[in-house]
4 protein chains.
Amino acid sequence: MLVVMRQDATEQQLREVMNVIEALGYEAKPVPGSQRTVVGVTGNDGRVDSSRLEALSGVLHVIHVTPAYSLVSRERRPDTTVVTIAPGLQFGGAAVVVIAGPCSVESEEQIVSTARAVSAAGASCLRGGAFKPRSSPYSFQGLGKRGLELLALARRETGLPIITEAMDEAGAELIAELGDCIQIGARNMQNYSLLKAVARLGKPVLLKRGMAATINDLLLSAEYILAAGNDQVILCERGVRSFDPASRTMFDLTAIPAVHSLSHLPIVADPSHGTGQRDRVIPMSRAAIAAGADGLMVEVHPHPENARSDGAQALYLEQFAALMHEVRAIAAVIGRTVARAPGTGEAGIG
Amino acid sequence: MLVVMRQDATEQQLREVMNVIEALGYEAKPVPGSQRTVVGVTGNDGRVDSSRLEALSGVLHVIHVTPAYSLVSRERRPDTTVVTIAPGLQFGGAAVVVIAGPCSVESEEQIVSTARAVSAAGASCLRGGAFKPRSSPYSFQGLGKRGLELLALARRETGLPIITEAMDEAGAELIAELGDCIQIGARNMQNYSLLKAVARLGKPVLLKRGMAATINDLLLSAEYILAAGNDQVILCERGVRSFDPASRTMFDLTAIPAVHSLSHLPIVADPSHGTGQRDRVIPMSRAAIAAGADGLMVEVHPHPENARSDGAQALYLEQFAALMHEVRAIAAVIGRTVARAPGTGEAGIG
Amino acid sequence: MLVVMRQDATEQQLREVMNVIEALGYEAKPVPGSQRTVVGVTGNDGRVDSSRLEALSGVLHVIHVTPAYSLVSRERRPDTTVVTIAPGLQFGGAAVVVIAGPCSVESEEQIVSTARAVSAAGASCLRGGAFKPRSSPYSFQGLGKRGLELLALARRETGLPIITEAMDEAGAELIAELGDCIQIGARNMQNYSLLKAVARLGKPVLLKRGMAATINDLLLSAEYILAAGNDQVILCERGVRSFDPASRTMFDLTAIPAVHSLSHLPIVADPSHGTGQRDRVIPMSRAAIAAGADGLMVEVHPHPENARSDGAQALYLEQFAALMHEVRAIAAVIGRTVARAPGTGEAGIG
Amino acid sequence: MLVVMRQDATEQQLREVMNVIEALGYEAKPVPGSQRTVVGVTGNDGRVDSSRLEALSGVLHVIHVTPAYSLVSRERRPDTTVVTIAPGLQFGGAAVVVIAGPCSVESEEQIVSTARAVSAAGASCLRGGAFKPRSSPYSFQGLGKRGLELLALARRETGLPIITEAMDEAGAELIAELGDCIQIGARNMQNYSLLKAVARLGKPVLLKRGMAATINDLLLSAEYILAAGNDQVILCERGVRSFDPASRTMFDLTAIPAVHSLSHLPIVADPSHGTGQRDRVIPMSRAAIAAGADGLMVEVHPHPENARSDGAQALYLEQFAALMHEVRAIAAVIGRTVARAPGTGEAGIG
C-alpha cells in the first residue's frame with residue numbers, strides 16, 4: 001500500500017501518517033519526490049483497511065498496490081483450478097464445457113426434450129431456472145422445487161449434470177441435494193450472506209458477475225467462497241451495464257483474458273444474457289471461445305416463441321447444433337477440445 | 001405496449017403477431033406507417049411479459065409504453081406517501097429528515113456520544129451499521145446483534161429512532177425487534193428473497209438504489225415490497241457506478257426529481273456514500289436539499305481517523321453542526337422545514 | 001510516478017526498469033515490500049510518458065502520483081482564476097453568473113425578446129447557438145454568421161455579453177470578432193486542433209465537459225488552452241453518459257467540488273443539457289448553486305413548443321424569473337451573490 | 001414516430017398534439033389504450049425533429065420507431081457496401097483485412113522495418129500515426145507531414161496501402177494526397193465540421209467509434225459522410241468508457257453483429273486500443289474475427305519498450321506473425337479468408 005501525501009502536507013502530518021502505519025503493525029517507508037512524498041506501507045499482506053489512513057490530514061489518497069483478494073489470486077496459486085461438477089466433467093482443463101438449456105424449466109416435456117437435443121448436439125451440462133430472479137414481481141418466477149425435480153429427471157434421461165440458480169439459502173440447500181452446481185446470479189453477486197451459506201454446502205459454485213461489478217469486485221466475491229473453505233468456483237461473464245441501449249447489456253469478453261491473468265479460477269461466458277438477442281448469441285459464442293473462455297452457457301429452447309421468459313435470446317435447437325460445429329472448430333484452433341458429458345464414453349474428445 | 005415490425009416483415013408475420021397478442025387476451029391495433037407497421041397492444045395493465053412477442057419473426061422490438069411497476073407509480077396514487085418510522089417522525093411531508101451517525105457501530109461510547117452530538121445539532125434519526133456488507137471478506141463486518149443493542153441504548157439516551165441495514169432474513173428480524181426502520185443496502189437491492197422477507201415484517205423499509213440500478217429498476221424493487229402489502233418504503237439515492245475514478249461513485253441527484261415525478265414514494269439522499277470524501281459531503285448535502293430530497297443520510301464520527309470503516313467520508317461533529325445550519329436555510333428557500341426528533345417538543349420546526 | 005513490479009519479477013527485470021528510468025533522466029528509488037517491489041520515480045515534473053515503462057517485462061502497472069496536468073492545477077496556483085468576459089462581468093469571484101437564452105438563435109424577434117426577458121429577470125449573460133453540432137445531419141444546424149449578428153444586436157439592446165459555440169476555427173474567428181466568450185461543446189472537448197486555435201484567439205473560453213470525459217480529461221483539455229498562453233478558461237459540467245435512460249445524461253454535480261479542489265479554474269453548470277427536461281432544470285439549477293457552482297447556463301425560450309431545437313428542456317420566461325429568486329436566496333445561504341450584467345449599475349449585487 | 005400521452009392528458013392536449021403533427025405535414029393516428037393514448041405519426045421518413053412534440057403539455061415522451069439515420073441503414077441498402085482503399089484491397093467482402101503498424105511513425109527505419117515485417121506475416125494494410133491526438137499537451141504529438149512522407153516511403157517499399165489519422169482539415173488534405181484512407185479518431189467522431197470536410201475529399205474514411213458513442217451515434221456520424229456524397233466508409237470498434245479500471249476501455253465486440261444487422265457499412269475492430277495491454281490483444285483479435293469483424297487494426301512495433309507512444313499495447317513482430325496464423329484459421333471456420341496486399345499476387349487468398 002502507498003500513501004500519497006498532498007503537495008502542501010506538513011512535516012507533522014507526515015509524521016502522524018507514519019505513526020498510524022506503525023501503530024497498525026506495519027513498516028512505513030517514505031519516498032520524498034520533487035513534488036510530494038509517498039509513503040510505502042510494507043510488512044502487510046494486502047488486506048490493510050485503508051480508511052484510517054485516508055481520513056488523516058495531509059493525505060491525498062491511498063493506493064492499493066496488492067489487490068484485496070488473496071486466495072483467488074494467480075500470483076498465489078499459479079495453476080488453474082480444476083472444478084469438477086460431476087465425475088469426468090471438469091471446468092478449467094483443456095476441454096471447454098458447453099452448458100445449454102432453457103431460461104426456465106417449464107414442464108417435463110420441455111426440459112427433457114431440450115436436454116436430449118442439446119446432449120445430442122454435444123452439450124455436456126444442462127441449465128434451466130427453477131428459482132427465477134425477475135426485475136418485476138409480476139413476471140414468471142419459476143416452478144421452484146418442482147423445477148428442480150424436473151431437472152433431476154432430465155439428468156436421469158441424459159446423464160447431463162445440472163447447474164441452476166439459488167436465490168436464497170433454502171433454495172441453495174435444495175439444489176445441493178438435487179443438482180450438481182449452484183449458480184449465484186448477477187443480482188446476488190454481492191449478497192454476502194448467501195455466498196457464505198453456499199460456500200458451506202460444499203458444492204461447486206458458478207458465480208456470475210454483477211451488472212456493475214468490476215473484475216476486482218467479482219474476484220472479491222469469489223474470495224468470500226474460498227475464504228469459507230470451498231475452492232470449487234467457476235466465474236461467469238454475462239454482460240454489464242452500459243450507456244448503449246443497442247444491447248441489453250455490454251458483453252465484456254476482455255474479462256476472459258483479464259480473469260485468466262489475475263486468478264486461477266476458470267471462467268465461462270454467457271452470451272445469451274450478454275447480448276439478449278438470438279442473432280447475436282451465435283457470433284458472440286464463437287468470440288467467447290476464441291477469447292479463451294473455459295466454457296459457454298447458452299440458452300436453448302425447443303419453441304422460443306412460447307418460452308415463459310427470455311424467449312428472444314433462446315436459440316432454436318437447430319441453431320444450437322450448428323453452433324456446436326463452429327465451437328469445436330474454433331476450440332481446435334487454440335489447442336482445446338469440447339468436453340463431452342459424463343458417461344458418453346468420449347470425455348475430453350471434441 | 002407496442003410491437004414494432006421490421007420494414008421487411010411479411011403480412012403472414014404481422015398476422016402471427018396479432019394472433020399471439022389476442023391469444024394472450026389483449027387487443028391488437030395495427031398502425032401502418034410509411035416505413036413499417038407498429039401494433040398497439042391494448043386492454044392490458046402494463047405487466048405483459050414481452051418475451052413471447054420479441055421472439056416472433058418479423059418483430060424488430062417491443063416498446064413498453066406503460067412501466068412494469070404499478071403500485072409505486074404516481075400515476076396510480078397522486079399524493080406522496082408519508083412513511084412514519086416513529087411517532088411524530090415522518091418522511092414525505094414538508095419537513096426533511098436528517099439521519100446521521102457513524103458508518104459502523106463500534107462501541108457504546110462511540111455510538112452514544114455520536115447520537116447525542118447529532119441530536120444536539122438537529123438530526124432526527126440515528127444511523128449506524130451492525131451488519132456490514134463489505135466487498136472484502138477481510139474487512140470489518142460489524143458487531144452484529146451487539147451493535148443493534150448499542151443502537152437501542154443510544155435511542156434510549158437521545159430519543160432518536162434507528163435506521164440500520166439488514167443483510168439477510170435473520171438480521172432483518174432482529175432489526176424489526178430492536179430498531180425502527182430496516183435498510184436494504186445497494187448490493188441487495190435486487191435480492192428479491194430478502195425484499196419479500198422484509199416486506200412481511202411490517203416495518204418501514206429504506207431501500208437504497210443499487211450501483212447499476214436504473215430508476216426503473218429501483219422502482220421495481222420497491223414494487224416487490226408494496227406488492228407484499230407494505231407501502232412504508234423510503235427510497236435512497238447513494239451514487240451509481242461511472243467511468244470516472246474522480247469520485248467513488250457518481251451521485252445522481254437528478255434521481256430526486258425523477259423519482260418525485262414517477263412515484264409517490266419519498267426519496268432521501270446519502271451524500272456520504274455518494275461522494276466518498278468528507279470535503280464533498282457538505283456541498284452535495286446542500287445540493288440534495290436544494291434538489292428537493294425528502295431527507296439526508298450523513299455519516300458522522302467523533303474521530304473519523306479512528307473509524308473502523310469509511311473514515312474518509314465521515315464528517316467531524318463540528319462539520320455536521322455547521323452543515324445543519326445550511327440545510328435549514330436551504331430547506332426554507334424551497335418552503336420546507338427540517339424535522340425534529342420525536343419527543344424534543346419541536347416536531348416539524350426547522 | 002511509481003512503477004509496480006510483478007510479484008514474480010526478477011532482479012534483472014528490476015534493474016532494467018531502473019536503467020530506463022535513469023536513461024530518461026530521473027531518479028529511481030526502489031521500495032521493496034513483503035509481496036513485491038515498487039520503484040518510485042523522482043526528479044520529474046509529473047509529465048513523464050509512462051508507456052516506455054509499462055512495456056517493460058516484469059512491470060505490473062505504472063501509477064501516476066502527480067496528475068499529467070500542471071498549469072490548471074490548484075496545487076500550482078492556489079487562488080481561483082477570475083475570468084473576465086466583459087468589463088465588470090467575472091466568473092470565479094463571489095458572484096455567481098447566470099447565462100440564459102435559447103438553444104438556437106432563430107430570429108431577431110426571438111433572440112431580442114428572450115434577451116430582454118432574461119435580463120429583466122436577472123441574467124447577466126446571453127447564450128444562443130449560431131453553429132449547432134447535431135447528432136443527425138438532418139437536424140437544424142443553426143443560422144451561422146447571421147445568428148452571430150443577431151446575438152450582437154441583442155447585446156446592443158440589453159448590454160448582455162454573449163457566449164456561443166464554435167465548431168471549427170472559422171467559426172471561432174467570427175465569434176472572437178462578434179461575441180465575448182467562445183464555447184467549446186462537449187463533442188469537441190478533445191478536438192485538440194480546435195482547442196489550440198481557440199487559445200490563440202485570446203478570447204475567454206467556456207469549455208464543456210465531454211460526455212465520456214473524466215474530470216482528469218476535462219482538466220487536460222483545459223491544459224491545452226493554458227499551455228498555449230490563455231488562462232481565461234471557464235469549465236462547464238453538462239452531464240455525462242450513463243446506463244440509465246431515465247435522464248438524457250447523468251448530471252454530475254459532484255464535478256463542482258471536485259474541480260474546485262483540483263483546479264483554480266471556475267466551473268459553471270448547465271442543467272438544461274444535464275437533465276434534458278424542463279421540470280428537472282429547476283431543482284437541478286438550485287442544486288448546482290448549492291453545490292458551489294460559479295455560474296449557471298440555462299436554456300430559456302419565449303415559446304418552447306415552437307423551438308427549433310431542444311424545446312423540451314427550455315424554461316418558459318416566467319419559470320426562469322421564478323428560478324432567479326430561488327437562485328439568489330440559495331447563493332446567499334453560502335455567502336455568494338448573483339452577478340448583474342455590465343452597465344446595469346448594480347454589478348456584484350445579488 | 002410515436003407520441004405517448006400522459007395518463008392524465010386532456011382531450012384538449014391530445015387535440016393540440018394532433019394539430020402540431022398535421023402542421024408539420026404528417027398524419028396523426030391516435031391509438032387509445034386502457035391506460036393512455038399513443039399517437040402514431042406517419043407519412044414521415046424517420047427524420048422528424050421530435051423536440052417540438054416533446055415540449056407540448058400532456059406528452060409523456062416521444063418514441064422514434066425508425067432511426068434518425070437513413071443512408072447508412074441496411075433496411076435501405078441490403079447488400080454490404082464494399083470499400084476499396086487501393087486496387088484489389090477491399091473491406092466488406094469475404095476476405096478480412098488486417099491493418100498493422102506502430103501507434104506513431106517515429107523514424108524511417110522504424111516504419112519501413114515494421115511495414116516489411118507485417119507484410120511478410122500477412123498484413124495487407126499499414127497503420128501509423130503522423131498526427132496524434134493525445135490527452136496531454138505534453139505527450140508526443142507525432143511527426144506531422146514528415147510522418148506522412150515516411151508512410152508513403154514504406155508503401156513504396158512494401159505495396160501496403162496506408163491508413164492514418166487526420167485531426168483537422170489541413171491534415172486531412174495532406175493525407176488525401178499522400179495516403180489511401182483517412183482515419184477519424186474516437187475523439188473526433190462527433191467533430192461534424194471535420195466529417196463534412198473529409199467527406200468532400202472523396203477518399204475512403206475509417207471512422208472510429210467515440211468512447212461514449214452508442215451504435216446509433218456512430219451510425220449518425222457515418223450518415224454525415226454519406227449525406228455529403230461519400231459512401232466509402234469503414235466503421236471501427238475500439239472500446240468505450242466503462243466503470244471498470246481493469247481495462248483501459250471496454251472492448252464492445254457485440255458492436256460487430258449489431259452494426260452488421262443495422263447497417264450495410266463494413267466494420268473492423270481495434271483490439272490494441274480496445275484492451276490497452278499486449279497480452280489481451282491476441283485473444284481479443286481472435287475473438288473479433290470469430291464475431292465476424294471485416295478487419296482488424298493491430299499495433300505492432302519492432303521494439304515496444306522504446307515506442308514513443310502506447311508501447312504497452314504493441315505486439316512484438318513475432319507475436320503478430322503467430323497471431324496471423326490463428327486469424328487465418330478462425331476466419332476459415334466461418335467461411336472467410338484473409339485479404340492479401342495489392343500486388344502480392346494472392347489477393348483474397350488467406
# chains A, B, ... in the order shown; residues from 1 in each chain; ligands from 1
call {"tool": "residues_around", "arguments": {"residues": "range 77-84 of chain B", "least_positions_apart": "6", "cutoff": "6 Å", "atoms": "only C-alpha atoms", "output": "list in words"}}
result
Gln90, Phe91, Gly92, Gln232, His264 and Leu265 of chain B
call {"tool": "write_last_selection", "arguments": {"atoms": "N, CA and C atoms", "output": "mmCIF file, in the first residue's frame"}}
result
data_model
loop_
_atom_site.group_PDB
_atom_site.id
_atom_site.type_symbol
_atom_site.label_atom_id
_atom_site.label_comp_id
_atom_site.auth_asym_id
_atom_site.auth_seq_id
_atom_site.Cartn_x
_atom_site.Cartn_y
_atom_site.Cartn_z
ATOM 1 N N GLN B 90 -41.785 11.582 10.305
ATOM 2 C CA GLN B 90 -42.313 11.140 9.014
ATOM 3 C C GLN B 90 -41.450 11.595 7.845
ATOM 4 N N PHE B 91 -41.322 10.702 6.888
ATOM 5 C CA PHE B 91 -40.676 11.018 5.611
ATOM 6 C C PHE B 91 -41.774 11.253 4.572
ATOM 7 N N GLY B 92 -41.598 12.292 3.765
ATOM 8 C CA GLY B 92 -42.563 12.520 2.690
ATOM 9 C C GLY B 92 -43.470 13.704 2.949
ATOM 10 N N GLN B 232 -44.778 1.223 3.309
ATOM 11 C CA GLN B 232 -43.938 2.137 4.081
ATOM 12 C C GLN B 232 -42.488 2.013 3.576
ATOM 13 N N HIS B 264 -44.869 7.979 -5.950
ATOM 14 C CA HIS B 264 -45.372 8.684 -4.765
ATOM 15 C C HIS B 264 -44.521 8.401 -3.544
ATOM 16 N N LEU B 265 -43.487 7.598 -3.677
ATOM 17 C CA LEU B 265 -42.662 7.266 -2.509
ATOM 18 C C LEU B 265 -41.659 8.379 -2.210
#
call {"tool": "interface_residues", "arguments": {"of": "chain C", "to": "chain D", "cutoff": "8 Å", "atoms": "only C-alpha atoms", "output": "MDAnalysis selection string"}}
result
chainID C and resid 47 49 51:56 68:69 133 135:139 167:168 187:188 190:193 211:212 217 220:221 223:224 227 241 304:313
call {"tool": "write_last_selection", "arguments": {"atoms": "C-alpha atoms", "output": "PDB file, in the first residue's frame"}}
result
ATOM      1  CA  ARG C  47       4.618  14.813 -17.271  1.00  0.00           C
ATOM      2  CA  ASP C  49       5.091   9.466 -20.617  1.00  0.00           C
ATOM      3  CA  SER C  51       4.355   3.934 -21.968  1.00  0.00           C
ATOM      4  CA  ARG C  52       8.034   3.041 -22.187  1.00  0.00           C
ATOM      5  CA  LEU C  53       7.934   1.796 -18.611  1.00  0.00           C
ATOM      6  CA  GLU C  54       4.612  -0.029 -18.936  1.00  0.00           C
ATOM      7  CA  ALA C  55       6.020  -2.007 -21.846  1.00  0.00           C
ATOM      8  CA  LEU C  56       8.931  -3.473 -19.848  1.00  0.00           C
ATOM      9  CA  ALA C  68      -0.486  14.945 -16.039  1.00  0.00           C
ATOM     10  CA  TYR C  69      -1.856  18.499 -15.972  1.00  0.00           C
ATOM     11  CA  PRO C 133     -23.488  20.413 -33.556  1.00  0.00           C
ATOM     12  CA  SER C 135     -26.092  14.195 -33.880  1.00  0.00           C
ATOM     13  CA  SER C 136     -28.164  13.953 -37.049  1.00  0.00           C
ATOM     14  CA  PRO C 137     -27.151  15.712 -40.283  1.00  0.00           C
ATOM     15  CA  TYR C 138     -30.863  16.317 -40.875  1.00  0.00           C
ATOM     16  CA  SER C 139     -31.467  18.382 -37.733  1.00  0.00           C
ATOM     17  CA  MET C 167     -17.458  24.116 -34.081  1.00  0.00           C
ATOM     18  CA  ASP C 168     -14.347  24.948 -36.081  1.00  0.00           C
ATOM     19  CA  ARG C 187     -18.412  16.805 -28.622  1.00  0.00           C
ATOM     20  CA  ASN C 188     -15.298  18.885 -29.344  1.00  0.00           C
ATOM     21  CA  GLN C 190     -10.932  16.605 -27.232  1.00  0.00           C
ATOM     22  CA  ASN C 191     -10.690  18.293 -30.641  1.00  0.00           C
ATOM     23  CA  TYR C 192      -7.164  19.438 -29.885  1.00  0.00           C
ATOM     24  CA  SER C 193      -6.699  21.307 -33.153  1.00  0.00           C
ATOM     25  CA  MET C 211     -19.966  13.054 -22.417  1.00  0.00           C
ATOM     26  CA  ALA C 212     -17.381  10.410 -21.518  1.00  0.00           C
ATOM     27  CA  ASP C 217      -9.679  14.536 -19.154  1.00  0.00           C
ATOM     28  CA  LEU C 220      -6.130  18.080 -19.551  1.00  0.00           C
ATOM     29  CA  SER C 221      -8.180  19.687 -22.318  1.00  0.00           C
ATOM     30  CA  GLU C 223      -4.363  22.485 -20.019  1.00  0.00           C
ATOM     31  CA  TYR C 224      -4.095  22.647 -23.832  1.00  0.00           C
ATOM     32  CA  ALA C 227      -0.313  25.812 -22.389  1.00  0.00           C
ATOM     33  CA  ARG C 241     -23.288   9.315 -20.431  1.00  0.00           C
ATOM     34  CA  PRO C 304     -40.577  26.313 -26.126  1.00  0.00           C
ATOM     35  CA  GLU C 305     -43.250  24.433 -28.063  1.00  0.00           C
ATOM     36  CA  ASN C 306     -42.102  26.217 -31.228  1.00  0.00           C
ATOM     37  CA  ALA C 307     -38.348  25.943 -30.582  1.00  0.00           C
ATOM     38  CA  ARG C 308     -36.317  24.601 -33.491  1.00  0.00           C
ATOM     39  CA  SER C 309     -34.116  22.553 -31.136  1.00  0.00           C
ATOM     40  CA  ASP C 310     -34.292  21.185 -27.601  1.00  0.00           C
ATOM     41  CA  GLY C 311     -37.668  22.712 -26.771  1.00  0.00           C
ATOM     42  CA  ALA C 312     -38.346  20.063 -24.128  1.00  0.00           C
ATOM     43  CA  GLN C 313     -35.612  21.415 -21.891  1.00  0.00           C
TER      44      GLN C 313
END
call {"tool": "residues_around", "arguments": {"residues": "Asn230 in chain D", "least_positions_apart": "3", "cutoff": "9 Å", "atoms": "only C-alpha atoms", "output": "list in words"}}
result
Ala199, Arg200, Leu201, Gly202, Lys203, Pro204, Val205, Ile225, Leu226, Ala227 and Val233 of chain D
call {"tool": "residues_around", "arguments": {"residues": "Met284 in chain D", "least_positions_apart": "5", "cutoff": "8 Å", "atoms": "only C-alpha atoms", "output": "VMD selection string"}}
result
(chain A and resid 253 to 254 290 to 291) or (chain D and resid 271)
call {"tool": "residues_around", "arguments": {"residues": "Pro302 in chain B", "least_positions_apart": "5", "cutoff": "7 Å", "atoms": "only C-alpha atoms", "output": "list in words"}}
result
Thr114, Tyr316 and Leu317 of chain B
call {"tool": "write_last_selection", "arguments": {"atoms": "C-alpha atoms", "output": "PDB file, in the first residue's frame"}}
result
ATOM      1  CA  THR B 114     -22.343  10.464  18.345  1.00  0.00           C
ATOM      2  CA  TYR B 316     -16.459  15.656  12.161  1.00  0.00           C
ATOM      3  CA  LEU B 317     -19.127  16.584  14.702  1.00  0.00           C
TER       4      LEU B 317
END
call {"tool": "select_by_dssp", "arguments": {"residues": "range 57-180 of chain A", "states": "strand (DSSP E)", "output": "list in words"}}
result
Val59, Leu60, His61, Val62, Ile63, Val83, Thr84, Ile85, Ala86, Leu89, Gln90, Phe91, Ala95, Val96, Val97, Val98, Ile99, Ala100, Gly101, Cys125, Leu126, Arg127, Ile162, Ile163, Thr164, Glu165 and Ala166 of chain A
call {"tool": "write_last_selection", "arguments": {"atoms": "N, CA and C atoms", "output": "PDB file, in the first residue's frame"}}
result
ATOM      1  N   VAL A  59      -3.215  13.725   3.696  1.00  0.00           N
ATOM      2  CA  VAL A  59      -3.198  12.566   2.788  1.00  0.00           C
ATOM      3  C   VAL A  59      -4.027  12.898   1.547  1.00  0.00           C
ATOM      4  N   LEU A  60      -3.425  12.726   0.363  1.00  0.00           N
ATOM      5  CA  LEU A  60      -4.152  12.956  -0.884  1.00  0.00           C
ATOM      6  C   LEU A  60      -5.021  11.734  -1.208  1.00  0.00           C
ATOM      7  N   HIS A  61      -4.371  10.593  -1.309  1.00  0.00           N
ATOM      8  CA  HIS A  61      -5.137   9.354  -1.450  1.00  0.00           C
ATOM      9  C   HIS A  61      -4.242   8.164  -1.156  1.00  0.00           C
ATOM     10  N   VAL A  62      -4.857   6.991  -1.098  1.00  0.00           N
ATOM     11  CA  VAL A  62      -4.141   5.770  -0.759  1.00  0.00           C
ATOM     12  C   VAL A  62      -4.242   4.837  -1.954  1.00  0.00           C
ATOM     13  N   ILE A  63      -3.128   4.251  -2.328  1.00  0.00           N
ATOM     14  CA  ILE A  63      -3.096   3.360  -3.489  1.00  0.00           C
ATOM     15  C   ILE A  63      -2.851   1.928  -3.019  1.00  0.00           C
ATOM     16  N   VAL A  83     -12.340 -27.421 -11.598  1.00  0.00           N
ATOM     17  CA  VAL A  83     -13.581 -27.586 -10.842  1.00  0.00           C
ATOM     18  C   VAL A  83     -14.346 -28.764 -11.436  1.00  0.00           C
ATOM     19  N   THR A  84     -14.609 -29.731 -10.609  1.00  0.00           N
ATOM     20  CA  THR A  84     -15.275 -30.959 -11.054  1.00  0.00           C
ATOM     21  C   THR A  84     -16.715 -30.926 -10.588  1.00  0.00           C
ATOM     22  N   ILE A  85     -17.654 -30.901 -11.542  1.00  0.00           N
ATOM     23  CA  ILE A  85     -19.044 -30.825 -11.079  1.00  0.00           C
ATOM     24  C   ILE A  85     -19.741 -32.175 -11.143  1.00  0.00           C
ATOM     25  N   ALA A  86     -19.127 -33.108 -11.828  1.00  0.00           N
ATOM     26  CA  ALA A  86     -19.647 -34.484 -11.849  1.00  0.00           C
ATOM     27  C   ALA A  86     -18.465 -35.335 -12.274  1.00  0.00           C
ATOM     28  N   LEU A  89     -16.457 -34.556 -15.499  1.00  0.00           N
ATOM     29  CA  LEU A  89     -16.772 -33.273 -16.128  1.00  0.00           C
ATOM     30  C   LEU A  89     -16.138 -32.130 -15.342  1.00  0.00           C
ATOM     31  N   GLN A  90     -15.162 -31.503 -16.000  1.00  0.00           N
ATOM     32  CA  GLN A  90     -14.341 -30.525 -15.306  1.00  0.00           C
ATOM     33  C   GLN A  90     -14.248 -29.213 -16.057  1.00  0.00           C
ATOM     34  N   PHE A  91     -14.279 -28.136 -15.292  1.00  0.00           N
ATOM     35  CA  PHE A  91     -14.032 -26.805 -15.840  1.00  0.00           C
ATOM     36  C   PHE A  91     -12.599 -26.418 -15.474  1.00  0.00           C
ATOM     37  N   ALA A  95     -10.395 -28.973 -22.038  1.00  0.00           N
ATOM     38  CA  ALA A  95     -11.695 -29.065 -22.718  1.00  0.00           C
ATOM     39  C   ALA A  95     -12.627 -27.955 -22.246  1.00  0.00           C
ATOM     40  N   VAL A  96     -13.252 -27.288 -23.204  1.00  0.00           N
ATOM     41  CA  VAL A  96     -14.241 -26.281 -22.817  1.00  0.00           C
ATOM     42  C   VAL A  96     -15.586 -26.987 -22.627  1.00  0.00           C
ATOM     43  N   VAL A  97     -16.353 -26.473 -21.671  1.00  0.00           N
ATOM     44  CA  VAL A  97     -17.607 -27.121 -21.300  1.00  0.00           C
ATOM     45  C   VAL A  97     -18.774 -26.278 -21.811  1.00  0.00           C
ATOM     46  N   VAL A  98     -19.676 -26.872 -22.536  1.00  0.00           N
ATOM     47  CA  VAL A  98     -20.846 -26.139 -23.012  1.00  0.00           C
ATOM     48  C   VAL A  98     -22.065 -26.533 -22.177  1.00  0.00           C
ATOM     49  N   ILE A  99     -22.639 -25.522 -21.535  1.00  0.00           N
ATOM     50  CA  ILE A  99     -23.829 -25.690 -20.689  1.00  0.00           C
ATOM     51  C   ILE A  99     -25.000 -25.146 -21.505  1.00  0.00           C
ATOM     52  N   ALA A 100     -26.030 -25.929 -21.709  1.00  0.00           N
ATOM     53  CA  ALA A 100     -27.142 -25.449 -22.524  1.00  0.00           C
ATOM     54  C   ALA A 100     -28.461 -25.836 -21.902  1.00  0.00           C
ATOM     55  N   GLY A 101     -29.488 -25.105 -22.262  1.00  0.00           N
ATOM     56  CA  GLY A 101     -30.826 -25.400 -21.756  1.00  0.00           C
ATOM     57  C   GLY A 101     -31.668 -24.146 -21.737  1.00  0.00           C
ATOM     58  N   CYS A 125     -23.610 -30.248 -20.222  1.00  0.00           N
ATOM     59  CA  CYS A 125     -24.174 -29.810 -18.955  1.00  0.00           C
ATOM     60  C   CYS A 125     -25.523 -29.155 -19.253  1.00  0.00           C
ATOM     61  N   LEU A 126     -26.469 -29.300 -18.324  1.00  0.00           N
ATOM     62  CA  LEU A 126     -27.818 -28.759 -18.535  1.00  0.00           C
ATOM     63  C   LEU A 126     -28.067 -27.562 -17.621  1.00  0.00           C
ATOM     64  N   ARG A 127     -28.615 -26.492 -18.194  1.00  0.00           N
ATOM     65  CA  ARG A 127     -29.046 -25.364 -17.378  1.00  0.00           C
ATOM     66  C   ARG A 127     -30.569 -25.276 -17.437  1.00  0.00           C
ATOM     67  N   ILE A 162     -26.386 -30.884 -13.769  1.00  0.00           N
ATOM     68  CA  ILE A 162     -27.289 -29.733 -13.691  1.00  0.00           C
ATOM     69  C   ILE A 162     -26.638 -28.544 -12.987  1.00  0.00           C
ATOM     70  N   ILE A 163     -26.741 -27.382 -13.645  1.00  0.00           N
ATOM     71  CA  ILE A 163     -26.369 -26.119 -12.997  1.00  0.00           C
ATOM     72  C   ILE A 163     -27.624 -25.256 -12.933  1.00  0.00           C
ATOM     73  N   THR A 164     -27.978 -24.797 -11.750  1.00  0.00           N
ATOM     74  CA  THR A 164     -29.190 -23.984 -11.629  1.00  0.00           C
ATOM     75  C   THR A 164     -29.035 -22.982 -10.487  1.00  0.00           C
ATOM     76  N   GLU A 165     -29.817 -21.918 -10.572  1.00  0.00           N
ATOM     77  CA  GLU A 165     -29.595 -20.762  -9.692  1.00  0.00           C
ATOM     78  C   GLU A 165     -30.328 -20.859  -8.358  1.00  0.00           C
ATOM     79  N   ALA A 166     -29.604 -20.427  -7.316  1.00  0.00           N
ATOM     80  CA  ALA A 166     -30.211 -20.282  -5.992  1.00  0.00           C
ATOM     81  C   ALA A 166     -30.385 -18.808  -5.683  1.00  0.00           C
TER      82      ALA A 166
END
call {"tool": "residues_around", "arguments": {"residues": "Leu323 in chain B", "least_positions_apart": "2", "cutoff": "9 Å", "atoms": "only C-alpha atoms", "output": "number ranges by chain"}}
result
B: 282-283, 285-286, 318-321, 325-328
call {"tool": "closest_residue", "arguments": {"among": "C:Gly58, C:Gly229, C:Gly25, C:Gly239", "to": "Thr37 in chain C", "atoms": "only C-alpha atoms"}}
result
C:Gly58
call {"tool": "select_by_dssp", "arguments": {"residues": "range 149-256 of chain B", "states": "helix (DSSP H, G or I)", "output": "JSON, numbers by chain"}}
result
{"B": [149, 150, 151, 152, 153, 154, 155, 156, 157, 158, 169, 170, 171, 172, 173, 174, 175, 176, 177, 178, 186, 187, 188, 192, 193, 194, 195, 196, 197, 198, 199, 200, 201, 215, 216, 217, 218, 219, 220, 221, 222, 223, 224, 225, 226, 227, 255, 256]}
call {"tool": "atom_distance", "arguments": {"atom1": "CA of Cys181 in chain B", "atom2": "CA of Leu71 in chain B"}}
result
20.7 Å
call {"tool": "residues_around", "arguments": {"residues": "Pro245 in chain A", "least_positions_apart": "5", "cutoff": "10 Å", "atoms": "only C-alpha atoms", "output": "count of residues only"}}
result
7
call {"tool": "atom_distance", "arguments": {"atom1": "CA of Arg238 in chain B", "atom2": "CA of Glu149 in chain B"}}
result
26.3 Å
call {"tool": "atom_distance", "arguments": {"atom1": "CA of Val3 in chain D", "atom2": "CA of Lys29 in chain D"}}
result
9.9 Å
